[in-house]
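Structure file upload_8.csv with CSV, C-alpha atoms:
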```
chain,number,residue,atom,x,y,z
A,1,ASP,CA,-36.1,3.6,1.3
A,2,ASN,CA,-33.5,6.4,0.8
A,3,LYS,CA,-34.9,9.4,-1.0
A,4,PRO,CA,-32.0,11.8,-1.6
A,5,TRP,CA,-34.1,13.9,-4.0
A,6,LEU,CA,-36.6,14.8,-1.2
A,7,VAL,CA,-35.8,17.9,0.9
A,8,TYR,CA,-37.6,20.0,3.5
A,9,SER,CA,-37.9,23.8,3.0
A,10,PRO,CA,-38.1,25.7,6.3
A,11,SER,CA,-39.3,28.8,4.5
A,12,LYS,CA,-42.2,27.0,2.7
A,13,SER,CA,-42.8,24.6,5.6
A,14,GLY,CA,-43.0,21.6,3.2
A,15,LEU,CA,-41.3,19.0,1.1
A,16,PHE,CA,-39.9,19.5,-2.4
A,17,CYS,CA,-38.4,17.2,-5.0
A,18,VAL,CA,-35.2,18.8,-6.0
A,19,PRO,CA,-34.7,17.3,-9.5
A,20,CYS,CA,-38.3,18.1,-10.4
A,21,VAL,CA,-38.0,21.7,-9.2
A,22,LEU,CA,-34.9,22.1,-11.3
A,23,PHE,CA,-35.7,20.1,-14.4
A,24,ALA,CA,-39.4,19.2,-14.7
A,25,GLU,CA,-41.4,20.8,-17.4
A,26,ALA,CA,-45.2,20.8,-17.7
A,27,ALA,CA,-46.3,19.3,-21.0
A,28,GLY,CA,-49.5,17.5,-21.9
A,29,ASN,CA,-50.9,15.6,-18.9
A,30,ASN,CA,-47.8,16.4,-16.8
A,31,TYR,CA,-49.3,18.9,-14.3
A,32,LEU,CA,-46.6,20.1,-11.9
A,33,GLY,CA,-48.2,20.4,-8.5
A,34,SER,CA,-47.2,19.2,-5.1
A,35,PHE,CA,-43.5,18.7,-4.5
A,36,VAL,CA,-42.7,21.0,-7.5
A,37,LEU,CA,-44.6,24.2,-7.7
A,38,SER,CA,-45.9,23.9,-4.2
A,39,PRO,CA,-44.7,22.2,-1.1
A,40,CYS,CA,-46.2,18.9,0.1
A,41,GLN,CA,-47.6,19.6,3.6
A,42,GLN,CA,-49.9,16.7,4.1
A,43,TYR,CA,-47.6,14.5,6.2
A,44,GLY,CA,-50.3,12.1,7.2
A,45,LYS,CA,-50.5,10.6,3.7
A,46,LEU,CA,-46.8,10.6,2.7
A,47,LEU,CA,-46.0,6.9,2.8
A,48,GLY,CA,-47.7,3.7,1.7
A,49,ALA,CA,-48.8,2.3,-1.7
A,50,ASP,CA,-51.2,5.2,-2.1
A,51,GLY,CA,-49.0,7.8,-0.4
A,52,GLN,CA,-48.1,11.1,-2.0
A,53,ILE,CA,-44.4,10.2,-2.3
A,54,THR,CA,-45.3,7.0,-4.0
A,55,ARG,CA,-47.6,8.7,-6.4
A,56,HIS,CA,-45.0,11.4,-7.2
A,57,LYS,CA,-42.4,8.8,-7.9
A,58,LEU,CA,-44.7,7.3,-10.6
A,59,LYS,CA,-44.9,10.5,-12.5
A,60,ASN,CA,-43.2,10.5,-15.8
A,61,TYR,CA,-41.7,13.9,-15.3
A,62,HIS,CA,-40.2,12.8,-12.0
A,63,ASN,CA,-38.3,9.9,-13.7
A,64,ASP,CA,-37.2,12.2,-16.5
A,65,SER,CA,-36.0,14.8,-14.0
A,66,ILE,CA,-34.0,12.2,-12.1
A,67,LEU,CA,-32.2,11.2,-15.4
A,68,ASP,CA,-31.6,14.9,-16.3
A,69,ALA,CA,-30.2,15.5,-12.8
A,70,GLU,CA,-27.8,12.5,-13.1
A,71,ARG,CA,-26.6,13.7,-16.6
A,72,PHE,CA,-26.1,17.2,-15.3
A,73,ILE,CA,-24.1,16.0,-12.3
A,74,SER,CA,-22.0,13.7,-14.5
A,75,GLN,CA,-21.3,16.5,-16.9
A,76,GLU,CA,-20.4,18.8,-14.0
A,77,LYS,CA,-17.9,16.2,-12.7
A,78,ILE,CA,-16.3,16.0,-16.1
A,79,GLU,CA,-16.0,19.8,-16.3
A,80,ASN,CA,-14.7,20.1,-12.8
A,81,ARG,CA,-12.0,17.5,-13.5
A,82,LYS,CA,-11.0,19.4,-16.6
A,83,ARG,CA,-10.7,22.5,-14.5
A,84,LEU,CA,-8.4,20.7,-12.0
A,85,VAL,CA,-6.0,19.5,-14.7
A,86,PRO,CA,-3.9,22.7,-15.1
A,87,ILE,CA,-3.9,23.2,-11.3
A,88,ILE,CA,-2.7,19.7,-10.6
A,89,LYS,CA,0.0,19.9,-13.4
A,90,THR,CA,1.2,23.2,-11.9
A,91,ILE,CA,1.5,21.6,-8.4
A,92,ILE,CA,3.4,18.7,-9.9
A,93,LEU,CA,5.7,21.1,-11.7
A,94,CYS,CA,6.5,22.9,-8.4
A,95,GLY,CA,7.2,19.6,-6.7
A,96,GLN,CA,9.5,18.3,-9.4
A,97,ASN,CA,11.5,21.5,-9.3
A,98,ASN,CA,11.5,22.1,-5.6
A,99,ILE,CA,9.5,25.3,-6.0
A,100,PRO,CA,7.5,26.3,-2.9
A,101,LEU,CA,3.8,26.6,-3.7
A,102,ARG,CA,3.3,29.6,-1.4
A,103,GLY,CA,5.5,32.4,-0.2
A,104,HIS,CA,5.0,34.5,2.9
A,105,ARG,CA,1.4,35.1,1.7
A,106,ASP,CA,-1.1,32.9,0.0
A,107,ASP,CA,-0.5,34.6,-3.3
A,108,GLY,CA,2.8,32.8,-4.0
A,109,TYR,CA,4.6,30.9,-6.8
A,110,ILE,CA,1.7,28.7,-7.8
A,111,ARG,CA,-0.6,31.6,-8.5
A,112,SER,CA,2.1,33.3,-10.5
A,113,LEU,CA,2.5,30.1,-12.5
A,114,LEU,CA,-1.2,29.8,-13.1
A,115,ARG,CA,-1.3,33.4,-14.4
A,116,TYR,CA,1.6,32.5,-16.7
A,117,ARG,CA,-0.5,29.6,-18.0
A,118,ILE,CA,-3.4,31.9,-18.7
A,119,ASP,CA,-1.1,34.3,-20.5
A,120,ALA,CA,0.2,31.4,-22.6
A,121,GLY,CA,-3.3,30.6,-23.8
A,122,ASP,CA,-4.9,28.3,-21.3
A,123,SER,CA,-8.5,29.3,-22.0
A,124,MET,CA,-10.1,26.7,-19.8
A,125,LEU,CA,-8.1,27.8,-16.8
A,126,ALA,CA,-8.8,31.5,-17.6
A,127,ASN,CA,-12.6,30.8,-17.9
A,128,HIS,CA,-12.6,28.8,-14.7
A,129,LEU,CA,-10.9,31.4,-12.6
A,130,SER,CA,-12.9,34.2,-14.0
A,131,THR,CA,-16.3,32.5,-13.6
A,132,ALA,CA,-15.9,30.4,-10.5
A,133,SER,CA,-17.0,31.6,-7.1
A,134,LYS,CA,-14.3,32.5,-4.6
A,135,THR,CA,-15.0,29.3,-2.7
A,136,ALA,CA,-14.7,27.0,-5.8
A,137,THR,CA,-11.5,28.1,-7.5
A,138,TYR,CA,-9.5,25.0,-6.2
A,139,ILE,CA,-6.4,27.1,-5.7
A,140,SER,CA,-6.7,27.8,-2.0
A,141,LYS,CA,-4.0,26.4,0.3
A,142,THR,CA,-6.4,23.9,1.7
A,143,THR,CA,-7.2,22.5,-1.8
A,144,GLN,CA,-3.5,22.5,-2.6
A,145,ASN,CA,-2.7,20.4,0.4
A,146,GLU,CA,-5.5,18.0,-0.4
A,147,LEU,CA,-4.2,17.6,-3.9
A,148,ILE,CA,-0.7,17.0,-2.7
A,149,GLU,CA,-1.9,14.3,-0.3
A,150,ILE,CA,-3.8,12.6,-3.0
A,151,TYR,CA,-0.9,12.7,-5.4
A,152,GLY,CA,1.4,11.5,-2.7
A,153,ASP,CA,-0.9,8.5,-2.0
A,154,LEU,CA,-0.8,7.6,-5.7
A,155,ILE,CA,3.0,7.8,-5.9
A,156,ARG,CA,3.3,5.7,-2.7
A,157,GLU,CA,0.9,3.0,-4.2
A,158,GLN,CA,3.1,2.9,-7.3
A,159,ILE,CA,6.3,2.5,-5.3
A,160,LEU,CA,4.8,-0.3,-3.2
A,161,ALA,CA,3.6,-2.1,-6.3
A,162,GLU,CA,7.2,-2.0,-7.5
A,163,VAL,CA,8.6,-3.2,-4.2
A,164,LYS,CA,6.1,-6.2,-4.1
A,165,HIS,CA,7.1,-7.1,-7.6
A,166,ALA,CA,10.8,-7.0,-6.6
A,167,THR,CA,10.0,-9.1,-3.5
A,168,PHE,CA,13.1,-8.2,-1.5
A,169,PHE,CA,13.8,-4.7,-0.1
A,170,THR,CA,16.1,-2.8,2.3
A,171,ILE,CA,15.0,-0.2,4.8
A,172,ILE,CA,16.8,3.1,4.8
A,173,GLY,CA,16.1,5.5,7.6
A,174,ASP,CA,17.3,8.1,10.0
A,175,GLU,CA,15.9,10.6,12.6
A,176,THR,CA,15.3,14.2,11.8
A,177,THR,CA,13.6,17.2,13.4
A,178,ASP,CA,11.1,19.3,11.5
A,179,VAL,CA,10.5,23.1,11.9
A,180,ASN,CA,8.1,22.4,14.8
A,181,THR,CA,11.0,20.6,16.7
A,182,ILE,CA,9.1,17.3,16.3
A,183,GLU,CA,11.3,14.3,16.0
A,184,GLN,CA,10.5,12.3,12.9
A,185,PHE,CA,11.8,9.1,11.4
A,186,THR,CA,12.5,9.2,7.6
A,187,PHE,CA,11.4,5.9,6.2
A,188,CYS,CA,12.7,4.9,2.7
A,189,LEU,CA,12.9,1.7,0.7
A,190,ARG,CA,15.6,0.4,-1.5
A,191,TYR,CA,14.8,-2.3,-4.0
A,192,LEU,CA,15.7,-3.7,-7.5
A,193,PHE,CA,13.1,-3.1,-10.2
A,194,GLU,CA,13.6,-3.6,-13.9
A,195,ASN,CA,17.3,-4.2,-13.4
A,196,LYS,CA,17.7,-0.8,-11.7
A,197,VAL,CA,18.3,-0.1,-8.0
A,198,HIS,CA,15.7,2.4,-6.7
A,199,GLU,CA,15.8,4.3,-3.4
A,200,LYS,CA,12.4,5.9,-2.7
A,201,PHE,CA,11.1,8.0,0.1
A,202,ILE,CA,7.9,6.6,1.7
A,203,SER,CA,6.9,8.6,4.7
A,204,PHE,CA,7.9,10.7,7.8
A,205,LEU,CA,6.9,8.8,11.0
A,206,PRO,CA,6.5,10.8,14.3
A,207,ALA,CA,9.1,9.3,16.6
A,208,GLU,CA,7.8,9.8,20.1
A,209,ASP,CA,10.0,6.9,21.5
A,210,ARG,CA,13.5,7.5,20.2
A,211,THR,CA,15.1,4.5,21.8
A,212,GLY,CA,16.3,1.6,19.6
A,213,GLU,CA,13.3,-0.5,20.7
A,214,GLY,CA,10.9,2.3,20.1
A,215,LEU,CA,12.2,3.0,16.6
A,216,ALA,CA,12.1,-0.7,15.8
A,217,ARG,CA,8.5,-1.0,16.8
A,218,LEU,CA,7.8,2.1,14.6
A,219,ILE,CA,9.5,0.5,11.6
A,220,LEU,CA,7.8,-2.9,12.0
A,221,GLU,CA,4.4,-1.3,12.3
A,222,GLU,CA,5.0,0.8,9.2
A,223,ILE,CA,6.1,-2.3,7.3
A,224,LYS,CA,2.8,-3.9,8.4
A,225,ASN,CA,0.7,-0.9,7.4
A,226,LEU,CA,2.3,-0.8,3.9
A,227,GLY,CA,1.4,-4.5,3.4
A,228,LEU,CA,5.0,-5.6,3.0
A,229,ASN,CA,6.3,-9.0,4.2
A,230,PRO,CA,9.0,-8.3,6.8
A,231,ASN,CA,10.6,-11.7,6.0
A,232,PHE,CA,11.7,-10.3,2.6
A,233,MET,CA,13.6,-7.4,4.2
A,234,VAL,CA,17.2,-8.2,3.4
A,235,GLY,CA,19.0,-5.2,4.9
A,236,GLN,CA,18.8,-2.1,7.1
A,237,ALA,CA,20.7,1.2,6.6
A,238,TYR,CA,20.6,3.7,9.5
A,239,GLY,CA,22.9,6.3,11.0
A,240,GLY,CA,25.7,5.3,13.2
A,241,CYS,CA,24.3,6.5,16.6
A,242,SER,CA,23.8,4.0,19.4
A,243,ALA,CA,20.0,4.0,19.2
A,244,MET,CA,20.2,2.8,15.6
A,245,SER,CA,23.2,0.5,15.6
A,246,GLY,CA,23.7,-0.5,19.2
A,247,LYS,CA,24.7,-4.2,19.7
A,248,PHE,CA,22.2,-4.9,22.5
A,249,LYS,CA,19.1,-2.6,22.1
A,250,GLY,CA,19.8,-0.9,18.8
A,251,THR,CA,17.1,-0.5,16.2
A,252,GLN,CA,18.8,-2.9,13.8
A,253,LEU,CA,19.0,-5.7,16.4
A,254,THR,CA,15.5,-5.2,17.6
A,255,VAL,CA,14.1,-5.3,14.1
A,256,MET,CA,16.1,-8.5,13.4
A,257,ARG,CA,14.5,-10.0,16.5
A,258,GLY,CA,11.1,-8.9,15.3
A,259,VAL,CA,11.6,-10.4,11.9
A,260,GLY,CA,13.1,-13.5,13.3
A,261,ARG,CA,15.6,-14.6,10.6
A,262,GLN,CA,17.3,-11.6,9.2
A,263,MET,CA,21.1,-11.2,9.4
A,264,TYR,CA,22.4,-7.7,10.0
A,265,ARG,CA,25.6,-6.3,8.5
A,266,PRO,CA,26.6,-2.7,7.9
A,267,ASN,CA,26.8,-1.5,4.3
A,268,ALA,CA,30.2,-2.4,2.9
A,269,PRO,CA,32.1,0.1,0.8
A,270,ALA,CA,32.1,-0.5,-2.9
A,271,GLN,CA,33.7,1.2,-5.9
A,272,THR,CA,31.0,0.4,-8.5
A,273,PRO,CA,27.2,-0.1,-8.4
A,274,GLU,CA,27.8,-3.7,-9.5
A,275,GLU,CA,30.2,-4.4,-6.6
A,276,TYR,CA,27.8,-2.7,-4.2
A,277,TYR,CA,24.9,-4.9,-5.4
A,278,ARG,CA,27.0,-8.0,-5.0
A,279,VAL,CA,28.2,-7.2,-1.5
A,280,ASN,CA,25.3,-5.5,0.1
A,281,LEU,CA,22.3,-7.1,-1.7
A,282,PHE,CA,23.2,-10.4,-3.3
A,283,ILE,CA,25.0,-11.9,-0.3
A,284,PRO,CA,22.2,-11.0,2.2
A,285,ILE,CA,19.7,-12.6,-0.2
A,286,MET,CA,21.8,-15.7,-0.4
A,287,ASP,CA,22.0,-15.8,3.4
A,288,HIS,CA,18.2,-15.6,3.5
A,289,PHE,CA,17.8,-18.5,1.1
A,290,ILE,CA,20.4,-20.6,2.9
A,291,VAL,CA,18.7,-20.1,6.2
A,292,SER,CA,15.3,-20.8,4.7
A,293,LEU,CA,16.5,-24.0,3.0
A,294,THR,CA,18.2,-25.2,6.2
A,295,ASN,CA,15.1,-24.6,8.3
A,296,ARG,CA,12.8,-26.2,5.7
A,297,PHE,CA,14.6,-29.3,4.5
A,298,SER,CA,17.1,-30.5,7.2
A,299,ALA,CA,14.5,-32.6,9.0
A,300,HIS,CA,13.1,-33.8,5.7
A,301,GLN,CA,16.5,-34.9,4.5
A,302,TRP,CA,17.1,-37.2,7.5
A,303,MET,CA,13.6,-38.7,7.1
A,304,ALA,CA,14.3,-39.4,3.4
A,305,TYR,CA,17.6,-40.9,4.3
A,306,HIS,CA,16.1,-43.3,6.8
A,307,VAL,CA,13.4,-44.3,4.3
A,308,SER,CA,16.1,-45.0,1.6
A,309,ILE,CA,17.7,-47.6,3.8
A,310,LEU,CA,14.6,-49.8,3.2
A,311,VAL,CA,15.6,-50.1,-0.5
A,312,PRO,CA,18.2,-52.9,-0.9
A,313,SER,CA,20.0,-51.3,-3.7
A,314,MET,CA,20.8,-48.3,-1.5
A,315,ILE,CA,22.8,-50.3,1.1
A,316,GLU,CA,24.9,-52.5,-1.2
A,317,HIS,CA,27.9,-50.2,-0.9
A,318,LYS,CA,27.4,-49.2,2.8
A,319,SER,CA,29.0,-50.6,5.9
A,320,PHE,CA,27.1,-51.6,9.0
A,321,ASN,CA,28.3,-48.5,10.8
A,322,ASP,CA,26.5,-46.4,8.1
A,323,LEU,CA,23.2,-48.0,9.1
A,324,LYS,CA,23.4,-47.5,12.9
A,325,ASP,CA,21.3,-44.3,12.9
A,326,SER,CA,18.6,-45.9,10.7
A,327,ILE,CA,18.6,-49.0,12.9
A,328,THR,CA,18.0,-46.9,15.9
A,329,PHE,CA,15.3,-45.0,14.0
A,330,TYR,CA,13.4,-48.3,13.1
A,331,LYS,CA,14.3,-50.3,16.2
A,332,ALA,CA,10.8,-50.4,17.5
A,333,TYR,CA,9.6,-52.0,14.3
A,334,LEU,CA,12.4,-54.7,13.9
A,335,PRO,CA,11.4,-58.2,15.0
A,336,SER,CA,15.0,-59.1,16.1
A,337,PRO,CA,17.1,-56.0,16.6
A,338,ASN,CA,20.0,-58.1,18.0
A,339,LEU,CA,20.3,-60.1,14.8
A,340,ILE,CA,20.5,-57.1,12.4
A,341,LYS,CA,24.3,-57.2,12.1
A,342,GLU,CA,24.3,-60.9,11.2
A,343,GLU,CA,21.4,-60.4,8.7
A,344,PHE,CA,23.3,-57.6,7.1
A,345,GLN,CA,26.5,-59.6,6.7
A,346,LEU,CA,24.5,-62.5,5.2
A,347,TYR,CA,22.9,-60.1,2.7
A,348,LYS,CA,26.2,-58.7,1.7
A,349,ARG,CA,27.7,-62.2,1.0
A,350,LYS,CA,24.7,-63.0,-1.3
```

What would you get if you wrote out this structure as structure tokens?
Amino acid sequence: DNKPWLVYSPSKSGLFCVPCVLFAEAAGNNYLGSFVLSPCQQYGKLLGADGQITRHKLKNYHNDSILDAERFISQEKIENRKRLVPIIKTIILCGQNNIPLRGHRDDGYIRSLLRYRIDAGDSMLANHLSTASKTATYISKTTQNELIEIYGDLIREQILAEVKHATFFTIIGDETTDVNTIEQFTFCLRYLFENKVHEKFISFLPAEDRTGEGLARLILEEIKNLGLNPNFMVGQAYGGCSAMSGKFKGTQLTVMRGVGRQMYRPNAPAQTPEEYYRVNLFIPIMDHFIVSLTNRFSAHQWMAYHVSILVPSMIEHKSFNDLKDSITFYKAYLPSPNLIKEEFQLYKRK
């Protein structure tokens, strides 16, 4: 089985039990020998019911040392998380106020803000930065970027939860070029949540294929990766360039084809948020419902109508011409199709 506590020491040419080396104490019958004070070098008798590893695992001090090590690691995790709190809060502060974390050098704004926190009385941060090794301060640019990515993932998860709760959404996007001259597609979502319209940035997508079809594939793939249902996309908002809004191969048209049922219309001007909601959101949603209902129930309606003809009370006020479609529908099951008109007239006289 897996033995993470067992390590090999090249300098001692043998095996040691790390928790026992760190935490075991000799008391009473607990004699600390092989694996603790001295390395285990008898490799021929390591495994098996009577092996040295098995006998060591049965020692009381070994089990106590394992528990002590787990408690120590758990406490260290708690302490490390506490040390990260002021650093994370400072990064969030910079993000909320559009403050760059670093200047031309690594010693930028974030370190100045951290020093300000220490001057304001943050003793935990002061103790952490004064006692931690240079490789464990958690304020390097690498750690900053990792924390930003983690926080970004959490924000994105929250936004997607709101979008899924809202059900319907609109895509907002456009092309842009970053400082490395790489074309990227800015992907945003617009949705209604808690009676408020939200427009949230989701991601930058590298746009290698900048044609309408290429951007459409990029958008549909991102929708799939986000776990959203493309059938609930009720609108698209892009720039006016031909790649985006072209009538034949534009992004909007290709996305419509990929979704299958969406109707495209450019955003209509509106004077108030209420008017904008009615024109650009409510009407597309109603279009979506109408198309869905038509596709779902049209065949069923005709089937129900044909079945209703079998009920005498349903045909009392109908003419024979009203029944022609139903007669054709049931013709194979009628014993005398040529006599239907006479039978119908006889029924009406009764």

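Compared by their closest atoms to Arg81 (chain A), and using all atoms listed in the file, the residues A:His128, A:Lys224, A:Lys57, A:His317 rank with A:His128 nearest.
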
- Within 12 Å of (4.5, 0.2, -3.6) (coordinates as in the file), grab all the protein and nucleic acid residues, counting all atoms listed in the file, and write them out as a ChimeraX atom specification. /A:152-167,169,188-191,193,198,200-202,223,225-228

- Item | Shell around region 58-70 of chain A at 7 Å using only C-alpha atoms, local window under 3 positions removed, as a PyMOL selection string | chain A and resi 19-20+23-24+30+54-55+73-74

Output file for the selection above: C-alpha atoms, as a PDB file, in the frame of the given file:
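Below is the file part.pdb, written as the result:
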```pdb
ATOM      1  CA  PRO A  19     -34.700  17.300  -9.500  1.00  0.00           C
ATOM      2  CA  CYS A  20     -38.300  18.100 -10.400  1.00  0.00           C
ATOM      3  CA  PHE A  23     -35.700  20.100 -14.400  1.00  0.00           C
ATOM      4  CA  ALA A  24     -39.400  19.200 -14.700  1.00  0.00           C
ATOM      5  CA  ASN A  30     -47.800  16.400 -16.800  1.00  0.00           C
ATOM      6  CA  THR A  54     -45.300   7.000  -4.000  1.00  0.00           C
ATOM      7  CA  ARG A  55     -47.600   8.700  -6.400  1.00  0.00           C
ATOM      8  CA  ILE A  73     -24.100  16.000 -12.300  1.00  0.00           C
ATOM      9  CA  SER A  74     -22.000  13.700 -14.500  1.00  0.00           C
TER      10      SER A  74
END
```

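Near Ile99 (chain A), within a cut-off of 9 Å and counting only C-alpha atoms, sit the residues A:Leu93, A:Cys94, A:Tyr109, A:Ile110, with same-chain residues fewer than 5 positions away left out.
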
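CA of Leu293 (chain A) lies 26.3 Å from CA of Thr328 (chain A).
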
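Atom pair CA of Arg217 (chain A) / CA of Phe168 (chain A): separated by 20.2 Å.
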
- Query: Which residues come within 10 Å of Tyr347 (chain A), counting only C-alpha atoms, excluding same-chain residues fewer than 4 positions away, as an MDAnalysis selection string?
  - Reply: chainID A and resid 312 315:316 341:343

Could you add the missing atoms to region 95-115 of chain A, up to N, CA, C and O atoms, and return them as a CSV table (one decimal), in the coordinates of the input?
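As a result, rebuild-v2.csv now contains:
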```csv
chain,number,residue,atom,x,y,z
A,95,GLY,N,6.5,20.7,-7.4
A,95,GLY,CA,7.2,19.6,-6.7
A,95,GLY,C,8.4,19.0,-7.3
A,95,GLY,O,9.4,18.7,-6.7
A,96,GLN,N,8.3,18.9,-8.6
A,96,GLN,CA,9.5,18.3,-9.4
A,96,GLN,C,10.7,19.2,-9.4
A,96,GLN,O,11.8,18.8,-9.5
A,97,ASN,N,10.4,20.5,-9.3
A,97,ASN,CA,11.5,21.5,-9.3
A,97,ASN,C,11.8,22.2,-8.0
A,97,ASN,O,12.5,23.2,-8.0
A,98,ASN,N,11.3,21.6,-6.9
A,98,ASN,CA,11.5,22.1,-5.6
A,98,ASN,C,11.1,23.6,-5.4
A,98,ASN,O,11.8,24.4,-4.8
A,99,ILE,N,10.0,23.9,-6.0
A,99,ILE,CA,9.5,25.3,-6.0
A,99,ILE,C,8.4,25.3,-4.9
A,99,ILE,O,7.4,24.6,-5.0
A,100,PRO,N,8.5,26.2,-3.9
A,100,PRO,CA,7.5,26.3,-2.9
A,100,PRO,C,6.2,26.8,-3.5
A,100,PRO,O,6.2,27.7,-4.3
A,101,LEU,N,5.1,26.2,-3.1
A,101,LEU,CA,3.8,26.6,-3.7
A,101,LEU,C,3.4,28.0,-3.2
A,101,LEU,O,2.8,28.8,-3.9
A,102,ARG,N,3.7,28.3,-2.0
A,102,ARG,CA,3.3,29.6,-1.4
A,102,ARG,C,4.5,30.3,-0.8
A,102,ARG,O,5.5,29.7,-0.3
A,103,GLY,N,4.5,31.6,-0.8
A,103,GLY,CA,5.5,32.4,-0.2
A,103,GLY,C,5.1,32.8,1.2
A,103,GLY,O,4.5,32.0,2.0
A,104,HIS,N,5.4,34.0,1.6
A,104,HIS,CA,5.0,34.5,2.9
A,104,HIS,C,3.4,34.7,3.0
A,104,HIS,O,2.8,34.7,4.0
A,105,ARG,N,2.9,34.9,1.8
A,105,ARG,CA,1.4,35.1,1.7
A,105,ARG,C,0.8,34.0,0.8
A,105,ARG,O,1.6,33.3,0.1
A,106,ASP,N,-0.5,33.9,0.8
A,106,ASP,CA,-1.1,32.9,0.0
A,106,ASP,C,-0.9,33.1,-1.5
A,106,ASP,O,-0.9,32.1,-2.2
A,107,ASP,N,-0.7,34.3,-1.9
A,107,ASP,CA,-0.5,34.6,-3.3
A,107,ASP,C,1.0,34.4,-3.6
A,107,ASP,O,1.8,35.3,-3.6
A,108,GLY,N,1.4,33.1,-3.8
A,108,GLY,CA,2.8,32.8,-4.0
A,108,GLY,C,3.1,32.3,-5.4
A,108,GLY,O,2.5,32.8,-6.4
A,109,TYR,N,4.0,31.4,-5.5
A,109,TYR,CA,4.6,30.9,-6.8
A,109,TYR,C,3.5,30.2,-7.6
A,109,TYR,O,3.5,30.4,-8.8
A,110,ILE,N,2.7,29.4,-7.0
A,110,ILE,CA,1.7,28.7,-7.8
A,110,ILE,C,0.7,29.6,-8.5
A,110,ILE,O,0.4,29.4,-9.7
A,111,ARG,N,0.3,30.7,-7.8
A,111,ARG,CA,-0.6,31.6,-8.5
A,111,ARG,C,0.1,32.3,-9.6
A,111,ARG,O,-0.5,32.6,-10.7
A,112,SER,N,1.4,32.6,-9.4
A,112,SER,CA,2.1,33.3,-10.5
A,112,SER,C,2.2,32.3,-11.7
A,112,SER,O,2.1,32.8,-12.9
A,113,LEU,N,2.5,31.1,-11.5
A,113,LEU,CA,2.5,30.1,-12.5
A,113,LEU,C,1.2,29.9,-13.2
A,113,LEU,O,1.1,29.7,-14.5
A,114,LEU,N,0.1,29.9,-12.5
A,114,LEU,CA,-1.2,29.8,-13.1
A,114,LEU,C,-1.5,31.0,-14.0
A,114,LEU,O,-2.1,30.9,-15.0
A,115,ARG,N,-1.1,32.2,-13.5
A,115,ARG,CA,-1.3,33.4,-14.4
A,115,ARG,C,-0.5,33.3,-15.6
A,115,ARG,O,-0.9,33.7,-16.7
```
